[in-house]
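What follows is one structure encoded as structure tokens, with my remarks underneath.
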Amino acid sequence: MTSADLVLPPTDQQTPTAALIQAPDAQALELAIGDMHLLLEQHGYVVAVYPTGISPAHERRLHAIRSVLESDRIALLKVDLPPLGVAVLVRQLRQLSICDFSPGVVASAARLLTHYIHAGALLNSVARLDRVPVSLKTHAKSWVPGSQFAVLAGPHPQLIKVGPAAEPLAGPEFGTHLLFAKGQLTSEWVQQTLAPAWKVQAIQECALPSGSPRWWGTGKLVEFASYLPDISVIYQLVSSVRRESCHWCGMELIGDRCGFCSSPLASSENRMPSTGVLNHGAPAPPGS
């Protein structure tokens, strides 16, 4: 992980913590390489998850470490989710890491699990929001004092102006928990309006990740993410997808791309059908 505030507390005593790969200004390259070498010695493989919003220098550091170590046992997963969504995904991968899945399946499961994370935020302005499509009309409305906008970044982008007549954000069609983090915006909309509309089974507050204001374009926000909380459901979901072997590096994978070398499946015959998880939609989680 690239930031300590993206490491959520474990949900049980078995869930392991995550190691931190620090930014160049926080740790010398030689020390970072040594830390990664130690992780490989201790665990055999490393699945490094990082958000699209990290600095270019930090991303180059990740690739430099893997290049210097000349290791094909390091997976670098760049995730296009808001910070709180990334934190949720990382915790789910931590849970999967102690199941009977190979490192390749755990790494490639990240793309699958993003389909089941509804990540968004309540914002006081979308004037500087560039992660989700915003119309000129909506930009103009954001200058009206007191305006608030509910934005869903994934799995399907959506934006609404919050008000009594507003349609709710399209939410999950399966049982989830909701995690939220408050910035400099005083509002109970997530707890009092969004959570009931999405029929979440539980709601919990956490600290706002440091990268959230930059990602959303404002510090006046309340970020949220709904997710599958039950590891047994996540396990069944990952198990239900056909496993393949990467033709390039030999790692086991699910879906249509290797989590370690990013190579696609070798031939169309081996790809999933059009209704598969990573092509045109995600299957319903078991028991939904």
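Lettering and numbering for the structure tokens are positional, with chains as A, B, ... in the shown order, residues counted from 1 in each chain, and ligands counted from 1 in the shown order.
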With a distance cut-off of 7 Å and only C-alpha atoms, select the neighbouring residues of segment 43-59 of chain A, excluding the residue or stretch itself and same-chain residues fewer than 3 positions from it, and output the selection as a PyMOL selection string. chain A and resi 1-2+23-24+39-40+62-63+73-81+83+86+103+107+215
Give me the residues within 9 Å of Ile33 of chain A as a ChimeraX atom specification, counting only C-alpha atoms and dropping any in the same chain fewer than 2 places off. /A:28-31,35-38,64-66,68-69
Let me see the file: selected residues, N, CA, C and O atoms, as a CSV table (one decimal), in the first residue's frame.
```csv
chain,number,residue,atom,x,y,z
A,28,ALA,N,14.5,6.6,1.4
A,28,ALA,CA,15.5,6.4,0.3
A,28,ALA,C,15.2,5.2,-0.5
A,28,ALA,O,14.7,4.2,0.0
A,29,LEU,N,15.6,5.2,-1.7
A,29,LEU,CA,15.3,4.1,-2.6
A,29,LEU,C,16.0,2.8,-2.1
A,29,LEU,O,15.4,1.7,-2.2
A,30,GLU,N,17.2,2.9,-1.6
A,30,GLU,CA,17.9,1.7,-1.1
A,30,GLU,C,17.1,1.0,0.0
A,30,GLU,O,17.0,-0.2,0.0
A,31,LEU,N,16.6,1.9,0.9
A,31,LEU,CA,15.8,1.3,2.0
A,31,LEU,C,14.5,0.7,1.5
A,31,LEU,O,14.1,-0.4,2.0
A,35,ASP,N,13.3,-3.2,2.0
A,35,ASP,CA,12.0,-3.6,2.6
A,35,ASP,C,11.3,-4.5,1.7
A,35,ASP,O,10.7,-5.5,2.1
A,36,MET,N,11.3,-4.2,0.3
A,36,MET,CA,10.6,-5.1,-0.6
A,36,MET,C,11.2,-6.4,-0.7
A,36,MET,O,10.5,-7.5,-0.7
A,37,HIS,N,12.5,-6.5,-0.7
A,37,HIS,CA,13.3,-7.8,-0.7
A,37,HIS,C,12.9,-8.6,0.5
A,37,HIS,O,12.7,-9.8,0.4
A,38,LEU,N,12.8,-7.9,1.7
A,38,LEU,CA,12.4,-8.7,2.9
A,38,LEU,C,11.0,-9.2,2.8
A,38,LEU,O,10.7,-10.3,3.2
A,64,ALA,N,10.5,1.2,-10.2
A,64,ALA,CA,11.9,1.2,-10.0
A,64,ALA,C,12.3,0.0,-9.1
A,64,ALA,O,13.3,-0.7,-9.3
A,65,ILE,N,11.6,-0.1,-8.0
A,65,ILE,CA,11.8,-1.2,-7.1
A,65,ILE,C,11.7,-2.6,-7.7
A,65,ILE,O,12.6,-3.5,-7.6
A,66,ARG,N,10.6,-2.8,-8.5
A,66,ARG,CA,10.4,-4.0,-9.2
A,66,ARG,C,11.5,-4.3,-10.2
A,66,ARG,O,12.0,-5.4,-10.4
A,68,VAL,N,14.7,-3.0,-10.2
A,68,VAL,CA,16.0,-3.3,-9.6
A,68,VAL,C,16.0,-4.7,-9.1
A,68,VAL,O,17.0,-5.4,-9.2
A,69,LEU,N,14.9,-5.2,-8.5
A,69,LEU,CA,14.9,-6.5,-7.9
A,69,LEU,C,14.7,-7.6,-9.0
A,69,LEU,O,14.9,-8.8,-8.7
```
Just want the 7 Å neighbourhood of Pro155 of chain A, counted on only C-alpha atoms, with same-chain residues fewer than 2 positions away dropped. Output as a PyMOL selection string. chain A and resi 114-115+117-118+153+157
For Leu93 of chain A, which of A:Pro16, A:Pro213, A:Pro9, A:Pro196 is the closest residue, counting only C-alpha atoms? A:Pro16
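You will find atom CA of Gly146 of chain A at 12.6 Å from atom CA of Val126 of chain A.
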DSSP on the backbone: what in segment 6-171 of chain A comes out alpha helix (DSSP H), as a VMD selection string? chain A and resid 29 to 43 56 to 69 83 to 96 103 to 113 136 to 141
Please dump the current selection as a PDB file, in the first residue's frame; keep C-alpha atoms.
```pdb
ATOM      1  CA  LEU A  29      15.348   4.091  -2.626  1.00  0.00           C
ATOM      2  CA  GLU A  30      17.919   1.716  -1.131  1.00  0.00           C
ATOM      3  CA  LEU A  31      15.805   1.281   2.000  1.00  0.00           C
ATOM      4  CA  ALA A  32      12.629   0.793  -0.025  1.00  0.00           C
ATOM      5  CA  ILE A  33      14.336  -1.902  -2.093  1.00  0.00           C
ATOM      6  CA  GLY A  34      15.527  -3.595   1.098  1.00  0.00           C
ATOM      7  CA  ASP A  35      12.015  -3.554   2.560  1.00  0.00           C
ATOM      8  CA  MET A  36      10.551  -5.078  -0.601  1.00  0.00           C
ATOM      9  CA  HIS A  37      13.250  -7.751  -0.688  1.00  0.00           C
ATOM     10  CA  LEU A  38      12.387  -8.651   2.902  1.00  0.00           C
ATOM     11  CA  LEU A  39       8.686  -8.898   2.045  1.00  0.00           C
ATOM     12  CA  LEU A  40       9.475 -11.263  -0.804  1.00  0.00           C
ATOM     13  CA  GLU A  41      11.666 -13.378   1.457  1.00  0.00           C
ATOM     14  CA  GLN A  42       8.950 -13.559   4.114  1.00  0.00           C
ATOM     15  CA  HIS A  43       5.861 -14.045   1.943  1.00  0.00           C
ATOM     16  CA  PRO A  56       4.144  10.340 -10.652  1.00  0.00           C
ATOM     17  CA  ALA A  57       7.329  10.143  -8.578  1.00  0.00           C
ATOM     18  CA  HIS A  58       5.707   7.660  -6.190  1.00  0.00           C
ATOM     19  CA  GLU A  59       4.488   5.517  -9.080  1.00  0.00           C
ATOM     20  CA  ARG A  60       7.952   5.570 -10.668  1.00  0.00           C
ATOM     21  CA  ARG A  61       9.358   4.439  -7.305  1.00  0.00           C
ATOM     22  CA  LEU A  62       7.146   1.322  -7.417  1.00  0.00           C
ATOM     23  CA  HIS A  63       8.303   0.380 -10.905  1.00  0.00           C
ATOM     24  CA  ALA A  64      11.919   1.150 -10.035  1.00  0.00           C
ATOM     25  CA  ILE A  65      11.830  -1.226  -7.063  1.00  0.00           C
ATOM     26  CA  ARG A  66      10.428  -4.038  -9.177  1.00  0.00           C
ATOM     27  CA  SER A  67      12.955  -3.348 -11.926  1.00  0.00           C
ATOM     28  CA  VAL A  68      15.969  -3.314  -9.606  1.00  0.00           C
ATOM     29  CA  LEU A  69      14.903  -6.546  -7.933  1.00  0.00           C
ATOM     30  CA  PRO A  83      -9.229   6.666  -1.892  1.00  0.00           C
ATOM     31  CA  LEU A  84     -11.859   5.162   0.414  1.00  0.00           C
ATOM     32  CA  GLY A  85     -12.818   2.645  -2.271  1.00  0.00           C
ATOM     33  CA  VAL A  86      -9.152   1.703  -2.637  1.00  0.00           C
ATOM     34  CA  ALA A  87      -8.921   1.180   1.131  1.00  0.00           C
ATOM     35  CA  VAL A  88     -11.948  -1.131   1.050  1.00  0.00           C
ATOM     36  CA  LEU A  89     -10.493  -3.112  -1.861  1.00  0.00           C
ATOM     37  CA  VAL A  90      -7.149  -3.488  -0.117  1.00  0.00           C
ATOM     38  CA  ARG A  91      -8.844  -4.891   2.990  1.00  0.00           C
ATOM     39  CA  GLN A  92     -10.749  -7.417   0.874  1.00  0.00           C
ATOM     40  CA  LEU A  93      -7.525  -8.522  -0.804  1.00  0.00           C
ATOM     41  CA  ARG A  94      -5.932  -8.846   2.626  1.00  0.00           C
ATOM     42  CA  GLN A  95      -8.796 -11.162   3.558  1.00  0.00           C
ATOM     43  CA  LEU A  96      -8.359 -13.214   0.389  1.00  0.00           C
ATOM     44  CA  PRO A 103      -1.059 -15.124  -5.538  1.00  0.00           C
ATOM     45  CA  GLY A 104      -2.104 -14.759  -9.171  1.00  0.00           C
ATOM     46  CA  VAL A 105      -5.780 -15.250  -8.357  1.00  0.00           C
ATOM     47  CA  VAL A 106      -5.593 -12.772  -5.463  1.00  0.00           C
ATOM     48  CA  ALA A 107      -3.981 -10.151  -7.703  1.00  0.00           C
ATOM     49  CA  SER A 108      -6.410 -10.579 -10.593  1.00  0.00           C
ATOM     50  CA  ALA A 109      -9.372 -10.647  -8.179  1.00  0.00           C
ATOM     51  CA  ALA A 110      -8.863  -6.902  -7.649  1.00  0.00           C
ATOM     52  CA  ARG A 111     -10.504  -6.124 -10.994  1.00  0.00           C
ATOM     53  CA  LEU A 112     -13.441  -8.383 -10.137  1.00  0.00           C
ATOM     54  CA  LEU A 113     -14.038  -6.899  -6.690  1.00  0.00           C
ATOM     55  CA  LEU A 136     -21.511  22.636 -17.912  1.00  0.00           C
ATOM     56  CA  LYS A 137     -24.990  23.045 -16.428  1.00  0.00           C
ATOM     57  CA  THR A 138     -23.966  21.143 -13.306  1.00  0.00           C
ATOM     58  CA  HIS A 139     -20.758  23.141 -13.055  1.00  0.00           C
ATOM     59  CA  ALA A 140     -22.850  26.327 -13.083  1.00  0.00           C
ATOM     60  CA  LYS A 141     -25.137  24.986 -10.362  1.00  0.00           C
TER      61      LYS A 141
END
```
Can you tell me, as a VMD selection string, which residues in segment 31-176 of chain A count as strand (DSSP E) by DSSP? chain A and resid 46 to 51 74 to 79 118 to 123 149 to 154 158 to 161
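Pairwise distance (atom CA of Trp248 of chain A, atom CA of Glu70 of chain A) equals 15.6 Å.
The interatomic distance for the pair atom CA of Val222 of chain A and atom CA of Tyr116 of chain A works out to 20.1 Å.
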